[in-house]
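Asker: Structure file coords_34.txt (compact mmCIF, C-alpha atoms and all ligand atoms) right here:
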# COMPACT_ATOMS: atom_id res chain seq x y z
CA MET A 19 -9.24 36.01 -11.54
CA GLU A 20 -9.12 33.17 -13.99
CA ILE A 21 -6.35 31.53 -12.03
CA ALA A 22 -8.39 31.74 -8.83
CA THR A 23 -11.41 30.18 -10.58
CA SER A 24 -9.48 27.28 -12.03
CA HIS A 25 -7.77 26.78 -8.66
CA ALA A 26 -11.08 26.53 -6.88
CA LYS A 27 -12.09 23.69 -9.19
CA VAL A 28 -9.19 21.44 -8.26
CA PRO A 29 -10.69 18.89 -5.87
CA PRO A 30 -8.67 17.94 -2.82
CA PRO A 31 -6.64 14.76 -3.30
CA PRO A 32 -7.78 11.55 -1.61
CA VAL A 33 -6.30 11.29 1.88
CA HIS A 34 -5.26 7.64 1.58
CA VAL A 35 -4.34 5.87 -1.66
CA ALA A 36 -3.44 2.18 -1.62
CA ILE A 37 -1.87 0.43 -4.61
CA ILE A 38 -1.69 -3.21 -5.68
CA MET A 39 1.49 -3.10 -7.76
CA ASP A 40 1.04 -5.78 -10.40
CA GLY A 41 2.59 -6.68 -13.73
CA ASN A 42 6.35 -6.74 -13.11
CA GLY A 43 6.61 -10.27 -14.48
CA ARG A 44 4.58 -9.54 -17.60
CA TRP A 45 6.57 -6.35 -18.22
CA ALA A 46 9.79 -8.38 -18.21
CA LYS A 47 8.34 -11.26 -20.24
CA ALA A 48 7.15 -8.91 -22.98
CA ARG A 49 10.77 -7.77 -23.36
CA GLY A 50 12.36 -11.20 -23.08
CA LEU A 51 13.97 -10.14 -19.79
CA PRO A 52 14.25 -12.04 -16.50
CA ARG A 53 11.42 -11.42 -13.99
CA THR A 54 13.92 -10.00 -11.54
CA LEU A 55 14.51 -7.08 -13.89
CA GLY A 56 10.78 -6.42 -13.92
CA HIS A 57 10.84 -6.21 -10.12
CA LYS A 58 13.88 -3.92 -10.28
CA ARG A 59 12.02 -1.57 -12.60
CA GLY A 60 9.06 -1.96 -10.26
CA ALA A 61 11.17 -0.58 -7.43
CA GLU A 62 11.89 2.49 -9.58
CA ALA A 63 8.14 2.93 -10.12
CA VAL A 64 7.76 2.86 -6.32
CA ARG A 65 10.03 5.90 -6.15
CA ARG A 66 7.93 7.74 -8.77
CA ALA A 67 4.67 6.90 -7.01
CA VAL A 68 6.00 8.15 -3.66
CA GLU A 69 7.23 11.39 -5.21
CA PHE A 70 3.93 11.97 -6.97
CA ALA A 71 1.91 11.26 -3.83
CA ARG A 72 3.97 13.71 -1.82
CA GLU A 73 3.76 16.44 -4.46
CA THR A 74 0.02 15.95 -4.83
CA GLY A 75 -0.69 16.26 -1.11
CA ILE A 76 -1.85 12.69 -0.56
CA SER A 77 -1.34 11.99 3.17
CA TYR A 78 -1.12 8.18 3.15
CA LEU A 79 0.25 5.91 0.42
CA THR A 80 0.10 2.18 1.08
CA LEU A 81 1.86 -0.19 -1.30
CA TYR A 82 1.35 -3.95 -1.54
CA ALA A 83 5.01 -4.93 -1.81
CA PHE A 84 4.84 -8.61 -0.81
CA SER A 85 1.71 -10.61 -0.04
CA SER A 86 1.48 -13.57 2.34
CA GLU A 87 0.83 -15.64 -0.82
CA ASN A 88 4.05 -14.39 -2.44
CA TRP A 89 6.03 -16.75 -0.15
CA LYS A 90 4.82 -19.54 -2.47
CA ARG A 91 6.82 -18.15 -5.41
CA PRO A 92 10.05 -19.91 -6.43
CA ALA A 93 12.78 -19.45 -3.79
CA GLY A 94 14.97 -17.48 -6.20
CA GLU A 95 12.24 -14.93 -6.86
CA VAL A 96 11.49 -14.54 -3.14
CA THR A 97 15.21 -13.96 -2.56
CA ASP A 98 15.27 -11.35 -5.35
CA LEU A 99 12.25 -9.52 -3.94
CA MET A 100 13.72 -9.52 -0.44
CA GLY A 101 17.00 -8.28 -1.89
CA LEU A 102 15.23 -5.37 -3.58
CA LEU A 103 13.46 -4.58 -0.37
CA ARG A 104 16.74 -4.60 1.52
CA LEU A 105 18.22 -2.24 -1.08
CA TYR A 106 15.18 0.02 -0.88
CA LEU A 107 15.40 0.24 2.89
CA ARG A 108 19.16 0.86 2.77
CA ASN A 109 19.16 3.41 -0.04
CA GLU A 110 15.87 5.29 0.13
CA VAL A 111 15.29 5.99 3.79
CA ALA A 112 17.62 9.01 3.90
CA SER A 113 15.78 10.58 0.99
CA LEU A 114 12.36 9.71 2.44
CA HIS A 115 13.43 11.35 5.70
CA LYS A 116 14.75 14.45 3.92
CA ASN A 117 11.38 14.81 2.23
CA GLY A 118 9.39 14.55 5.44
CA ILE A 119 8.06 11.07 4.68
CA ARG A 120 7.24 8.62 7.42
CA LEU A 121 7.85 4.94 6.61
CA LYS A 122 5.77 2.18 8.13
CA VAL A 123 5.52 -1.54 7.51
CA ILE A 124 2.42 -3.69 7.99
CA GLY A 125 2.23 -7.46 7.75
CA ASP A 126 3.40 -10.65 9.44
CA ARG A 127 6.90 -9.76 10.60
CA THR A 128 7.60 -13.25 11.97
CA ARG A 129 8.42 -14.48 8.46
CA LEU A 130 10.87 -11.70 7.59
CA GLY A 131 14.64 -12.08 7.98
CA ALA A 132 16.41 -10.60 11.00
CA ASP A 133 18.41 -8.09 8.93
CA ILE A 134 15.27 -6.83 7.19
CA LEU A 135 13.50 -6.51 10.53
CA GLU A 136 16.39 -4.43 11.77
CA LEU A 137 16.33 -2.17 8.70
CA ILE A 138 12.56 -1.73 9.12
CA ALA A 139 12.90 -0.86 12.81
CA GLU A 140 15.63 1.70 12.03
CA ALA A 141 13.62 3.26 9.20
CA GLU A 142 10.44 3.46 11.24
CA ALA A 143 12.25 5.02 14.20
CA LYS A 144 14.18 7.53 12.08
CA THR A 145 11.10 8.76 10.19
CA ALA A 146 8.53 8.47 13.00
CA ALA A 147 8.02 12.21 13.43
CA ASN A 148 7.62 13.02 9.71
CA ALA A 149 4.24 14.26 8.58
CA ALA A 150 4.32 15.18 4.86
CA LEU A 151 3.29 11.68 3.79
CA THR A 152 3.02 8.30 5.49
CA LEU A 153 4.36 5.60 3.18
CA THR A 154 3.26 2.16 4.32
CA LEU A 155 4.75 -0.97 2.79
CA ALA A 156 2.58 -4.05 3.14
CA LEU A 157 5.09 -6.90 3.52
CA SER A 158 4.20 -10.51 4.10
CA TYR A 159 0.73 -9.05 4.37
CA GLY A 160 -2.63 -10.78 4.04
CA GLY A 161 -5.96 -9.13 4.81
CA ARG A 162 -7.70 -12.27 6.11
CA ASP A 163 -4.75 -13.09 8.33
CA GLU A 164 -4.83 -9.53 9.71
CA ILE A 165 -8.54 -9.89 10.59
CA VAL A 166 -8.01 -13.34 12.13
CA THR A 167 -5.16 -11.98 14.27
CA ALA A 168 -7.35 -9.08 15.44
CA ALA A 169 -10.21 -11.50 16.24
CA ARG A 170 -7.83 -13.71 18.22
CA ARG A 171 -6.64 -10.73 20.24
CA LEU A 172 -10.24 -9.79 21.04
CA ALA A 173 -10.97 -13.39 22.09
CA GLU A 174 -7.91 -13.38 24.35
CA GLU A 175 -9.06 -10.16 26.00
CA VAL A 176 -12.53 -11.59 26.58
CA ALA A 177 -11.06 -14.83 27.93
CA ALA A 178 -8.86 -12.83 30.31
CA GLY A 179 -11.90 -10.93 31.56
CA ARG A 180 -10.65 -7.57 30.32
CA MET A 181 -13.50 -7.18 27.86
CA SER A 182 -17.06 -8.43 27.46
CA PRO A 183 -18.37 -9.89 24.14
CA GLU A 184 -20.83 -6.96 23.95
CA GLN A 185 -17.89 -4.58 23.72
CA ILE A 186 -16.76 -6.13 20.45
CA ASP A 187 -17.77 -3.75 17.70
CA GLU A 188 -16.25 -2.37 14.49
CA ALA A 189 -14.13 0.13 16.40
CA ALA A 190 -12.76 -2.59 18.68
CA LEU A 191 -11.69 -4.72 15.73
CA THR A 192 -10.34 -1.74 13.76
CA ALA A 193 -8.19 -0.84 16.77
CA ARG A 194 -6.47 -4.25 16.58
CA LEU A 195 -5.51 -4.13 12.91
CA PHE A 196 -2.03 -3.22 11.65
CA THR A 197 -3.55 -0.01 10.28
CA VAL A 198 -4.77 1.19 13.68
CA ASP A 199 -3.58 4.78 13.31
CA MET A 200 -4.44 5.23 9.62
CA PRO A 201 -7.66 6.33 7.95
CA ASP A 202 -9.28 3.82 5.59
CA PRO A 203 -8.14 4.08 1.96
CA ASP A 204 -10.31 6.33 -0.22
CA LEU A 205 -8.88 4.87 -3.39
CA VAL A 206 -7.36 1.48 -4.21
CA ILE A 207 -5.50 1.25 -7.50
CA ARG A 208 -4.46 -2.01 -9.16
CA THR A 209 -2.22 -2.03 -12.20
CA SER A 210 -1.79 -4.59 -14.99
CA GLY A 211 -5.45 -4.99 -15.96
CA GLU A 212 -6.28 -7.61 -13.32
CA LYS A 213 -9.49 -6.81 -11.46
CA ARG A 214 -9.02 -8.43 -8.07
CA ILE A 215 -8.40 -7.22 -4.54
CA SER A 216 -6.11 -10.20 -3.72
CA ASN A 217 -6.43 -10.14 0.06
CA PHE A 218 -5.27 -6.50 0.32
CA LEU A 219 -6.74 -4.26 3.07
CA LEU A 220 -9.99 -6.27 3.04
CA TRP A 221 -11.57 -4.66 6.10
CA GLN A 222 -10.21 -1.19 5.41
CA SER A 223 -11.35 -1.04 1.75
CA ALA A 224 -15.05 -1.53 2.53
CA TYR A 225 -15.96 1.84 0.98
CA ALA A 226 -12.89 2.55 -1.16
CA GLU A 227 -13.20 3.44 -4.81
CA LEU A 228 -11.43 0.80 -6.91
CA VAL A 229 -9.53 1.86 -10.01
CA PHE A 230 -8.04 -0.75 -12.32
CA LEU A 231 -5.41 0.46 -14.77
CA ASP A 232 -4.07 -1.46 -17.76
CA VAL A 233 -0.54 -0.10 -17.26
CA LEU A 234 2.03 -2.63 -15.98
CA TRP A 235 3.61 -1.57 -12.67
CA PRO A 236 7.14 -0.84 -14.03
CA ASP A 237 5.52 1.68 -16.42
CA PHE A 238 3.56 3.39 -13.64
CA GLY A 239 4.32 7.07 -13.18
CA ALA A 240 2.73 10.49 -12.82
CA GLU A 241 0.54 10.06 -15.90
CA ALA A 242 -1.04 6.82 -14.70
CA PHE A 243 -1.41 8.16 -11.17
CA GLU A 244 -3.17 11.29 -12.55
CA ALA A 245 -5.50 9.09 -14.60
CA ALA A 246 -6.47 7.13 -11.48
CA LEU A 247 -7.13 10.37 -9.55
CA THR A 248 -9.24 11.75 -12.40
CA ASP A 249 -11.34 8.59 -12.33
CA PHE A 250 -11.62 8.83 -8.55
CA HIS A 251 -12.79 12.45 -8.67
CA ARG A 252 -15.45 11.64 -11.27
CA ARG A 253 -17.15 9.25 -8.90
CA GLU A 254 -19.68 10.31 -6.34
CA ARG A 255 -18.89 8.75 -2.99
CA ARG A 256 -22.01 8.01 -0.98
CA TYR A 257 -20.98 5.42 1.64
CA GLY A 258 -24.22 3.52 1.04
CA ALA A 259 -26.45 6.58 1.46
CA ALA A 260 -29.07 7.62 -1.10
CA SER A 261 -27.93 9.94 -3.90
CA GLY A 262 -28.57 13.60 -3.20
C1 LIG A 301 3.75 -7.89 -8.99
O1 LIG A 301 4.37 -8.31 -10.14
C2 LIG A 301 4.61 -7.31 -7.97
C3 LIG A 301 5.07 -7.90 -6.83
C4 LIG A 301 5.13 -9.35 -6.60
C5 LIG A 301 5.52 -7.12 -5.69
C6 LIG A 301 5.89 -5.70 -5.93
C7 LIG A 301 7.34 -5.51 -5.82
C8 LIG A 301 8.01 -4.45 -6.30
C9 LIG A 301 7.35 -3.31 -6.94
C10 LIG A 301 9.49 -4.40 -6.22
C11 LIG A 301 10.10 -4.03 -4.93
C12 LIG A 301 9.30 -3.22 -3.99
C13 LIG A 301 9.83 -2.34 -3.12
C14 LIG A 301 8.97 -1.65 -2.13
C15 LIG A 301 11.25 -2.02 -3.15
P1 LIG A 301 4.16 -9.82 -10.60
O2 LIG A 301 5.45 -10.51 -10.42
O3 LIG A 301 3.01 -10.42 -9.89
O4 LIG A 301 3.81 -9.60 -12.11
P2 LIG A 301 3.03 -10.60 -13.08
O5 LIG A 301 1.64 -10.75 -12.51
O6 LIG A 301 3.06 -9.88 -14.38
O7 LIG A 301 3.80 -11.89 -13.08
What is this structure when it is put down as structure tokens?
Answerer:
Amino acid sequence: MEIATSHAKVPPPPVHVAIIMDGNGRWAKARGLPRTLGHKRGAEAVRRAVEFARETGISYLTLYAFSSENWKRPAGEVTDLMGLLRLYLRNEVASLHKNGIRLKVIGDRTRLGADILELIAEAEAKTAANAALTLTLALSYGGRDEIVTAARRLAEEVAAGRMSPEQIDEAALTARLFTVDMPDPDLVIRTSGEKRISNFLLWQSAYAELVFLDVLWPDFGAEAFEAALTDFHRRERRYGAASG
């Protein structure tokens, strides 16, 4: 009886959680280590976050792995990050697949290397039918750029006579974003104490709860994820409506 009661109190997890993984550099600096080691530990935190999301019943986990602004970092650091990504795609896809996880990538693919594009295509194809969790990596991703690209596509369709300006509405724009087949995020988490959205899922996060954690990304694990969910569940989501 008691078990049933406590069970009934557990709220359902958010359907879509998006994370701005921040603080790899500061984690390394605090230890006198090279930044690249911070990113390496960050990749291990990615594994923990994915495992936690799957065990918790979250359906979509979207991770900001490389922003369009990250291309401005020193060449060596960009190379290191791309190297980690390559390793992740080579080493983790089998395990993602075994665990029923679908992998997707959103962002500007034109700037990614040919070998990475090939690894992404293979991973997406292999895991396409999996349904336990959709893991989306935002790579070379920028929210404004995504909206501009969608707007350009709408303009092209109008110019070609396939659409009238009156048909442009929220649904029409949403349908031309990278995230076309995903629900909007319910919760956006940012680690490292910074309180910014940094061009991540700008359109999609219109009504998301934002949770900022002080933990640096390489230290992120089940405990920090739980803390973010607890905060999320405490909030009353009203989507702009009056409180009831
Ligand atoms: C922020 O740390 C993190 C990134 C630039 C990208 C996230 C990358 C990873 C977690 C590693 C690889 C990812 C995958 C999917 C394998 P920062 O360098 O901005 O930290 P700082 O603000 O403390 O300098």
Asker: Return the single residue from A:Gly101, A:Gly239, A:Pro32, A:Gly125 that is closest to ligand LIG 301 (chain A), with distances computed using all atoms listed in the file.
Answerer: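 Distance minimum relative to ligand LIG 301 (chain A) lands on A:Gly101.
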Asker: Applying 10 Å and all atoms listed in the file, which residues near A:Val229 remain after dropping the ones on its own chain fewer than 4 positions away? List them as JSON, numbers by chain.
Answerer: {"A": [37, 205, 206, 207, 208, 209, 211, 213, 245, 246, 247, 249, 250]}
Asker: Taking all atoms listed in the file into account, produce a table as JSON lines in which each residue of chain A with an atom at most 9 Å from an atom of ligand LIG 301 (chain A) appears once, together with its shortest atom pair and the distance in Å to one decimal, ordered by chain and rising number.
Answerer:
{"residue": "A:Ile38", "atom": "CA", "partner": "A:LIG301", "partner_atom": "C2", "distance": 7.9}
{"residue": "A:Met39", "atom": "CA", "partner": "A:LIG301", "partner_atom": "C2", "distance": 5.2}
{"residue": "A:Asp40", "atom": "CA", "partner": "A:LIG301", "partner_atom": "C1", "distance": 3.7}
{"residue": "A:Gly41", "atom": "CA", "partner": "A:LIG301", "partner_atom": "O6", "distance": 3.3}
{"residue": "A:Asn42", "atom": "CA", "partner": "A:LIG301", "partner_atom": "O1", "distance": 3.9}
{"residue": "A:Gly43", "atom": "CA", "partner": "A:LIG301", "partner_atom": "O7", "distance": 3.5}
{"residue": "A:Arg44", "atom": "CA", "partner": "A:LIG301", "partner_atom": "O6", "distance": 3.6}
{"residue": "A:Trp45", "atom": "CA", "partner": "A:LIG301", "partner_atom": "O6", "distance": 6.3}
{"residue": "A:Ala46", "atom": "CA", "partner": "A:LIG301", "partner_atom": "O6", "distance": 7.9}
{"residue": "A:Lys47", "atom": "CA", "partner": "A:LIG301", "partner_atom": "O6", "distance": 8.0}
{"residue": "A:Arg53", "atom": "CA", "partner": "A:LIG301", "partner_atom": "O2", "distance": 7.0}
{"residue": "A:Thr54", "atom": "CA", "partner": "A:LIG301", "partner_atom": "O2", "distance": 8.6}
{"residue": "A:Gly56", "atom": "CA", "partner": "A:LIG301", "partner_atom": "O2", "distance": 7.6}
{"residue": "A:His57", "atom": "CA", "partner": "A:LIG301", "partner_atom": "C10", "distance": 4.5}
{"residue": "A:Lys58", "atom": "CA", "partner": "A:LIG301", "partner_atom": "C10", "distance": 6.0}
{"residue": "A:Arg59", "atom": "CA", "partner": "A:LIG301", "partner_atom": "C10", "distance": 7.4}
{"residue": "A:Gly60", "atom": "CA", "partner": "A:LIG301", "partner_atom": "C9", "distance": 4.0}
{"residue": "A:Ala61", "atom": "CA", "partner": "A:LIG301", "partner_atom": "C10", "distance": 4.3}
{"residue": "A:Glu62", "atom": "CA", "partner": "A:LIG301", "partner_atom": "C9", "distance": 7.8}
{"residue": "A:Ala63", "atom": "CA", "partner": "A:LIG301", "partner_atom": "C9", "distance": 7.0}
{"residue": "A:Val64", "atom": "CA", "partner": "A:LIG301", "partner_atom": "C9", "distance": 6.2}
{"residue": "A:Arg65", "atom": "CA", "partner": "A:LIG301", "partner_atom": "C15", "distance": 8.6}
{"residue": "A:Leu81", "atom": "CA", "partner": "A:LIG301", "partner_atom": "C14", "distance": 7.3}
{"residue": "A:Tyr82", "atom": "CA", "partner": "A:LIG301", "partner_atom": "C6", "distance": 6.6}
{"residue": "A:Ala83", "atom": "CA", "partner": "A:LIG301", "partner_atom": "C6", "distance": 4.3}
{"residue": "A:Phe84", "atom": "CA", "partner": "A:LIG301", "partner_atom": "C5", "distance": 5.1}
{"residue": "A:Ser85", "atom": "CA", "partner": "A:LIG301", "partner_atom": "C4", "distance": 7.5}
{"residue": "A:Asn88", "atom": "CA", "partner": "A:LIG301", "partner_atom": "C4", "distance": 6.6}
{"residue": "A:Glu95", "atom": "CA", "partner": "A:LIG301", "partner_atom": "O2", "distance": 8.8}
{"residue": "A:Val96", "atom": "CA", "partner": "A:LIG301", "partner_atom": "C4", "distance": 8.9}
{"residue": "A:Asp98", "atom": "CA", "partner": "A:LIG301", "partner_atom": "C11", "distance": 9.0}
{"residue": "A:Leu99", "atom": "CA", "partner": "A:LIG301", "partner_atom": "C11", "distance": 6.0}
{"residue": "A:Met100", "atom": "CA", "partner": "A:LIG301", "partner_atom": "C11", "distance": 8.0}
{"residue": "A:Gly101", "atom": "CA", "partner": "A:LIG301", "partner_atom": "C15", "distance": 8.6}
{"residue": "A:Leu102", "atom": "CA", "partner": "A:LIG301", "partner_atom": "C15", "distance": 5.2}
{"residue": "A:Leu103", "atom": "CA", "partner": "A:LIG301", "partner_atom": "C15", "distance": 4.4}
{"residue": "A:Arg104", "atom": "CA", "partner": "A:LIG301", "partner_atom": "C15", "distance": 7.7}
{"residue": "A:Leu105", "atom": "CA", "partner": "A:LIG301", "partner_atom": "C15", "distance": 7.3}
{"residue": "A:Tyr106", "atom": "CA", "partner": "A:LIG301", "partner_atom": "C15", "distance": 5.0}
{"residue": "A:Leu107", "atom": "CA", "partner": "A:LIG301", "partner_atom": "C15", "distance": 7.7}
{"residue": "A:Leu155", "atom": "CA", "partner": "A:LIG301", "partner_atom": "C14", "distance": 6.5}
{"residue": "A:Ala156", "atom": "CA", "partner": "A:LIG301", "partner_atom": "C14", "distance": 8.6}
{"residue": "A:Leu157", "atom": "CA", "partner": "A:LIG301", "partner_atom": "C14", "distance": 8.6}
{"residue": "A:Thr209", "atom": "CA", "partner": "A:LIG301", "partner_atom": "C1", "distance": 9.0}
{"residue": "A:Ser210", "atom": "CA", "partner": "A:LIG301", "partner_atom": "O6", "distance": 7.2}
{"residue": "A:Glu212", "atom": "CA", "partner": "A:LIG301", "partner_atom": "O5", "distance": 8.6}
{"residue": "A:Leu234", "atom": "CA", "partner": "A:LIG301", "partner_atom": "O6", "distance": 7.5}
{"residue": "A:Trp235", "atom": "CA", "partner": "A:LIG301", "partner_atom": "C9", "distance": 7.1}
{"residue": "A:Pro236", "atom": "CA", "partner": "A:LIG301", "partner_atom": "C9", "distance": 7.5}
Asker: Would you work out the distance separating atom CA of A:Pro31 from atom CA of A:Glu164, expressed in Å to one decimal?
Answerer: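 A separation of 27.6 Å between them.
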Asker: Skipping near chain neighbours, those fewer than 3 positions away, what residues fall within 7 Å of stretch 130-142 of chain A using all atoms listed in the file, listed as an MDAnalysis selection string?
Answerer: chainID A and resid 104 107 111 121:122 127 145:146
Asker: Out of A:Glu227, A:Ala150, A:Ser86, A:Val123, which residue has the shortest atom-to-atom distance to A:Thr248 when counting only C-alpha atoms?
Answerer: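 Smallest distance to A:Thr248 is found for A:Glu227.
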Asker: Could you tell me how far atom CA of A:Lys116 sits from atom CA of A:Asn148, in Å to one decimal place?
Answerer: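 Distance reported for this atom pair: 9.3 Å.
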Asker: How far is it from atom CA of A:Pro203 to atom CA of A:Pro30, in Å with one decimal?
Answerer: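 Taking atom CA of A:Pro203 as the start and atom CA of A:Pro30 as the end point, the length is 14.7 Å.
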Asker: Please determine, counting all atoms listed in the file, which residue among A:Tyr225, A:Phe196, A:Ala169, A:Thr80 has the shortest atom-to-atom distance to A:Pro183.
Answerer: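 Of A:Tyr225, A:Phe196, A:Ala169, A:Thr80, the one nearest A:Pro183 is A:Ala169, counting all atoms listed in the file.
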Asker: For A:Ser77, list every protein, DNA or RNA residue within 7 Å, evaluated using all atoms listed in the file, and leave out those in the same chain fewer than 2 positions away; present the list as a list in words.
Answerer: Val33, His34, Gly75, Leu79, Ala150, Leu151 and Thr152 of chain A
Asker: Of the candidates A:Val35, A:Ile124, A:Leu220, A:Ile165, which shows the shortest atom-to-atom distance to A:Ala71, using all atoms listed in the file?
Answerer: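 Checking each of A:Val35, A:Ile124, A:Leu220, A:Ile165 against A:Ala71, counting all atoms listed in the file, the winner is A:Val35.
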Asker: With only C-alpha atoms as the atoms that count, which of A:Leu172, A:Ala143, A:Arg49, A:His115 lies nearest to A:Asp187?
Answerer: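 So, comparing all the options, the nearest one is A:Leu172.
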Asker: Quick one: residues within 10 Å of A:Leu195, only C-alpha atoms counted, chain neighbours fewer than 4 positions away excluded, as a list in words?
Answerer: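 The residues satisfying every condition are Ile124, Gly125, Gly161, Glu164, Ile165, Val166, Thr167, Ala168, Ala169, Arg171, Ala190, Leu191, Asp199, Met200, Leu219, Trp221 and Gln222 of chain A.
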Asker: Report, as JSON, the axis-aligned box around all atoms of stretch 157-169 of chain A present in the file, extended by 8 Å on each side; give centre and edge lengths in Å to one decimal place.
Answerer:
{"center_x": -2.6, "center_y": -10.1, "center_z": 9.9, "size_x": 31.3, "size_y": 22.4, "size_z": 28.7}
